[in-house]
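my_file.txt (compact mmCIF, C-alpha atoms)
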```
# COMPACT_ATOMS: atom_id res chain seq x y z
CA MET A 1038 16.68 -29.58 32.60
CA ASN A 1039 15.24 -26.02 32.52
CA ILE A 1040 18.58 -24.65 33.67
CA LYS A 1041 20.34 -26.23 30.67
CA PHE A 1042 17.90 -24.58 28.24
CA PHE A 1043 18.29 -21.27 30.04
CA LEU A 1044 22.10 -21.45 29.85
CA LEU A 1045 21.95 -22.45 26.19
CA PHE A 1046 19.68 -19.48 25.51
CA LEU A 1047 22.09 -17.11 27.30
CA ILE A 1048 25.04 -18.42 25.31
CA ILE A 1049 23.23 -18.04 21.99
CA ALA A 1050 21.86 -14.60 22.86
CA GLY A 1051 25.23 -13.47 24.16
CA CYS A 1052 27.05 -14.57 21.02
CA SER A 1053 24.65 -12.92 18.59
CA SER A 1054 25.67 -9.42 17.62
CA LYS A 1055 23.34 -6.58 16.72
CA THR A 1056 26.28 -4.27 15.99
CA PRO A 1057 26.42 -3.47 12.25
CA VAL A 1058 29.47 -4.92 10.50
CA ASP A 1059 31.55 -3.24 7.80
CA MET A 1060 30.58 -5.46 4.88
CA ASP A 1061 33.69 -4.65 2.84
CA GLU A 1062 36.00 -5.57 5.73
CA VAL A 1063 34.26 -8.63 7.21
CA LEU A 1064 32.19 -10.21 4.43
CA TYR A 1065 32.76 -11.54 0.93
CA ASP A 1066 30.36 -10.54 -1.86
CA ARG A 1067 29.31 -13.48 -4.04
CA SER A 1068 26.96 -12.12 -6.73
CA GLY A 1069 25.03 -9.98 -4.27
CA GLN A 1070 25.06 -12.56 -1.47
CA TYR A 1071 27.35 -11.81 1.45
CA ILE A 1072 29.16 -14.64 3.21
CA THR A 1073 31.43 -14.56 6.24
CA SER A 1074 35.05 -15.56 6.31
CA ASP A 1075 34.23 -18.19 8.96
CA ASN A 1076 35.00 -21.61 7.46
CA TYR A 1077 35.71 -19.91 4.13
CA ASP A 1078 37.67 -22.02 1.66
CA PRO A 1079 38.43 -20.48 -1.77
CA SER A 1080 38.52 -23.84 -3.56
CA LEU A 1081 35.50 -24.93 -5.62
CA LEU A 1082 34.41 -27.55 -3.09
CA GLY A 1083 34.92 -25.14 -0.21
CA PHE A 1084 32.73 -22.52 -1.84
CA MET A 1085 29.96 -25.05 -2.41
CA TYR A 1086 29.99 -26.56 1.06
CA ASN A 1087 31.63 -24.19 3.56
CA GLN A 1088 30.00 -20.87 2.88
CA LYS A 1089 28.25 -19.29 5.81
CA VAL A 1090 25.81 -16.57 4.85
CA TYR A 1091 25.60 -13.53 7.06
CA ASN A 1092 22.42 -12.51 8.87
CA GLY A 1093 22.26 -9.19 10.70
CA PRO A 1094 22.96 -5.49 10.34
CA GLY A 1095 25.67 -4.23 8.02
CA PHE A 1096 26.97 -1.15 6.27
CA LEU A 1097 29.08 -0.18 3.27
CA ARG A 1098 31.59 2.67 3.08
CA TYR A 1099 32.92 4.94 0.36
CA ARG A 1100 36.60 4.48 -0.42
CA SER A 1101 37.28 7.66 1.54
CA GLY A 1102 35.75 6.02 4.66
CA GLU A 1103 32.35 7.70 4.99
CA LYS A 1104 29.29 5.49 5.45
CA ARG A 1105 27.53 4.86 2.10
CA GLU A 1106 24.63 2.51 2.97
CA GLN A 1107 23.26 0.79 6.06
CA GLY A 1108 20.63 -1.89 6.58
CA THR A 1109 20.02 -5.57 7.31
CA LEU A 1110 21.14 -8.73 5.56
CA LYS A 1111 18.99 -11.85 5.61
CA ASN A 1112 20.43 -15.11 4.26
CA GLY A 1113 23.32 -13.03 2.94
CA PHE A 1114 21.15 -10.68 0.84
CA LYS A 1115 20.17 -7.08 1.45
CA SER A 1116 16.67 -7.25 2.92
CA GLY A 1117 14.22 -4.81 4.41
CA PRO A 1118 14.83 -1.07 4.76
CA TRP A 1119 18.20 0.38 3.74
CA THR A 1120 19.40 3.96 4.01
CA GLY A 1121 22.01 5.51 1.72
CA TYR A 1122 24.19 8.53 2.49
CA ASP A 1123 26.28 10.93 0.45
CA LYS A 1124 29.93 11.60 1.34
CA LYS A 1125 28.91 14.47 3.63
CA GLY A 1126 26.64 12.19 5.70
CA ASN A 1127 23.36 13.53 4.30
CA LYS A 1128 20.59 11.02 3.66
CA LYS A 1129 20.64 10.07 -0.06
CA PHE A 1130 17.87 7.45 -0.22
CA ILE A 1131 15.60 5.20 1.82
CA GLY A 1132 14.39 2.01 0.19
CA ASP A 1133 13.54 -1.63 0.70
CA TYR A 1134 15.34 -4.69 -0.60
CA LYS A 1135 14.07 -8.22 -1.09
CA GLN A 1136 16.70 -10.94 -1.63
CA GLY A 1137 19.28 -8.37 -2.66
CA LYS A 1138 17.10 -6.52 -5.18
CA ALA A 1139 15.34 -3.20 -4.78
CA HIS A 1140 11.71 -4.02 -4.03
CA GLY A 1141 9.07 -1.74 -2.58
CA LYS A 1142 8.91 2.00 -1.94
CA TRP A 1143 12.01 4.13 -2.54
CA THR A 1144 12.57 7.79 -1.76
CA GLY A 1145 15.65 9.78 -2.76
CA PHE A 1146 16.84 13.10 -1.36
CA HIS A 1147 18.82 16.09 -2.63
CA SER A 1148 21.88 17.11 -0.61
CA ASN A 1149 19.80 19.87 1.02
CA GLY A 1150 17.35 17.24 2.41
CA GLU A 1151 14.50 17.95 -0.02
CA LYS A 1152 12.84 14.99 -1.73
CA LYS A 1153 14.45 14.13 -5.09
CA TYR A 1154 12.33 11.18 -6.24
CA GLU A 1155 9.85 8.61 -5.01
CA GLY A 1156 8.45 5.46 -6.53
CA MET A 1157 8.20 1.68 -6.36
CA TYR A 1158 10.61 -1.06 -7.36
CA GLU A 1159 9.58 -4.58 -8.26
CA LEU A 1160 12.34 -7.22 -8.28
CA GLY A 1161 14.97 -4.56 -9.00
CA PHE A 1162 13.02 -2.74 -11.74
CA GLN A 1163 11.21 0.59 -11.55
CA SER A 1164 7.48 -0.03 -11.49
CA GLY A 1165 4.35 2.15 -11.51
CA LYS A 1166 4.37 5.91 -11.01
CA TRP A 1167 7.61 7.73 -10.20
CA SER A 1168 7.75 11.40 -9.25
CA TYR A 1169 10.85 13.57 -9.48
CA TYR A 1170 11.41 16.87 -7.66
CA ASN A 1171 13.81 19.79 -8.04
CA SER A 1172 16.09 20.92 -5.22
CA THR A 1173 13.41 23.26 -3.83
CA GLY A 1174 10.93 20.36 -3.46
CA ASN A 1175 8.67 21.17 -6.42
CA LYS A 1176 7.58 18.26 -8.62
CA ASN A 1177 9.03 18.64 -12.12
CA LEU A 1178 8.62 15.20 -13.75
CA GLU A 1179 6.32 12.20 -13.57
CA GLU A 1180 7.12 8.88 -15.18
CA THR A 1181 5.03 5.75 -15.41
CA TYR A 1182 6.70 2.35 -15.67
CA PHE A 1183 5.15 -0.97 -16.65
CA VAL A 1184 3.42 -2.91 -13.87
CA CYS A 1185 3.01 -6.66 -14.31
CA THR A 1186 -0.68 -7.38 -13.63
CA ASP A 1187 -2.33 -10.75 -13.01
CA GLY A 1188 -3.31 -10.89 -16.70
CA CYS A 1189 0.32 -10.38 -17.67
CA LYS A 1190 1.47 -13.01 -15.19
CA ASP A 1191 -0.91 -15.55 -16.78
CA GLU A 1192 1.05 -15.17 -20.05
CA HIS A 1193 4.43 -15.88 -18.40
CA PRO A 1194 6.15 -19.19 -19.02
CA PRO A 1195 6.33 -21.52 -16.01
CA ASP A 1196 9.04 -21.14 -13.43
CA ARG A 1197 12.09 -23.26 -14.21
CA ARG A 1198 14.09 -25.24 -11.66
CA GLY A 1199 12.76 -23.18 -8.79
CA THR A 1200 13.72 -19.90 -10.46
CA LYS A 1201 10.85 -17.45 -10.66
CA TYR A 1202 10.22 -15.93 -14.09
CA ILE A 1203 10.82 -12.19 -14.22
CA CYS A 1204 8.54 -10.33 -16.61
CA GLU A 1205 10.49 -9.01 -19.58
CA LYS A 1206 8.38 -5.82 -19.56
CA LEU A 1207 9.39 -4.77 -16.04
CA GLY A 1208 11.36 -1.52 -15.95
CA ARG A 1209 10.05 -0.29 -19.30
CA LEU A 1210 9.04 3.35 -19.38
CA LYS A 1211 5.42 3.77 -20.55
CA GLU A 1212 4.95 7.53 -20.15
CA SER A 1213 6.96 10.56 -19.13
CA LYS A 1214 5.58 14.07 -18.64
CA LYS A 1215 6.99 17.29 -17.27
CA VAL A 1216 4.89 18.97 -14.61
```

As structure tokens, the full file:
Amino acid sequence: MNIKFFLLFLIIAGCSSKTPVDMDEVLYDRSGQYITSDNYDPSLLGFMYNQKVYNGPGFLRYRSGEKREQGTLKNGFKSGPWTGYDKKGNKKFIGDYKQGKAHGKWTGFHSNGEKKYEGMYELGFQSGKWSYYNSTGNKNLEETYFVCTDGCKDEHPPDRRGTKYICEKLGRLKESKKV
């Protein structure tokens, strides 16, 4: 009995791939969710019942072939840390995603490697304090974006049909000052 479980484990582990896939070549984008071509049927019923979401590492390319972004997909959505690159291969940004939306700390870089910006995203919207830097690394601008507090969340309408309410104030610029 233990041998059967061991063999099953080896088969599953051997078939799982940790090699990043080219998302434009292998996967289909359905409103930010990536599905595989396995069992893919373009008809309405096929889309509803045969889609197989992709889980694992992936990357996107520029049309010219250079790597544009790389990270992990979970349940078909960009999740966790992602790294973006310019066409010359220099790091352009590092940031986190949650269910396909920017969420968490983000840092951008100039082509010379110096920090360009840093700040937080919440459900795809800029949130809190953002700092911007010139190409020599000196801070030249600070912006403050609305943050939805617990008091604000108490004023939100209830979630509908399992869809979480997104605060209408998110992403609004509250203050901007040059440094």

Report task. Point out the residue among A:Tyr1065, A:Tyr1134, A:Tyr1169, A:Tyr1071 with the least atom-to-atom distance to Glu1155 of chain A, counting all atoms listed in the file. Result -> A:Tyr1169

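Comparing A:Glu1106, A:Gly1132, A:Lys1125, A:Val1090 by their smallest distance to Asp1059 of chain A, the closest is A:Glu1106 (using only C-alpha atoms).
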
Query - Proximity to Gly1093 of chain A - best of A:Ser1164, A:Thr1056, A:Gln1070, A:Asn1127, all atoms listed in the file - result: A:Thr1056

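Comparing the minimum interatomic distances between Lys1124 of chain A and each of A:Asn1092, A:Ser1172, A:Gln1136, A:Ser1148, counting all atoms listed in the file, we find that A:Ser1148 sits nearest.
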
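Going from atom CA of Phe1130 of chain A over to atom CA of Thr1181 of chain A, you cover 20.0 Å.
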
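For the residues A:Glu1212, A:Asp1066, A:Asp1123, A:Asp1061, ranking by smallest atom-to-atom distance to Phe1183 of chain A using all atoms listed in the file places A:Glu1212 first.
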
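Interatomic distance, atom CA of Asn1171 of chain A to atom CA of Lys1215 of chain A: 11.7 Å.
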
Query - Residues within 10 Å of Phe1096 of chain A, only C-alpha atoms, excluding chain neighbours under 3 positions, as number ranges by chain - result: A: 1057-1061, 1104-1110, 1119-1121

Query raised in the report: Near Tyr1202 of chain A, within 12 Å and counting only C-alpha atoms, which residues show up once chain neighbours fewer than 3 positions away are dropped, as a ChimeraX atom specification?
Result: /A:1160,1185,1189-1199,1205-1207

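Each of A:Lys1201, A:Lys1129, A:Lys1153, A:Lys1176 was compared to Val1216 of chain A using all atoms listed in the file, and A:Lys1176 turns out to be the nearest.
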
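Computed from the coordinates, the atom CA of Gly1165 of chain A to atom CA of Lys1115 of chain A distance equals 22.4 Å.
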
Could you give me, as a PDB file with C-alpha atoms, keeping the file's coordinate frame, the residues within 7 Å of Leu1064 of chain A, counting only C-alpha atoms and dropping anything in the same chain fewer than 5 positions from it?
```
ATOM      1  CA  TYR A1071      27.350 -11.810   1.450  1.00  0.00           C
ATOM      2  CA  ILE A1072      29.160 -14.640   3.210  1.00  0.00           C
ATOM      3  CA  THR A1073      31.430 -14.560   6.240  1.00  0.00           C
ATOM      4  CA  SER A1074      35.050 -15.560   6.310  1.00  0.00           C
TER       5      SER A1074
END
```
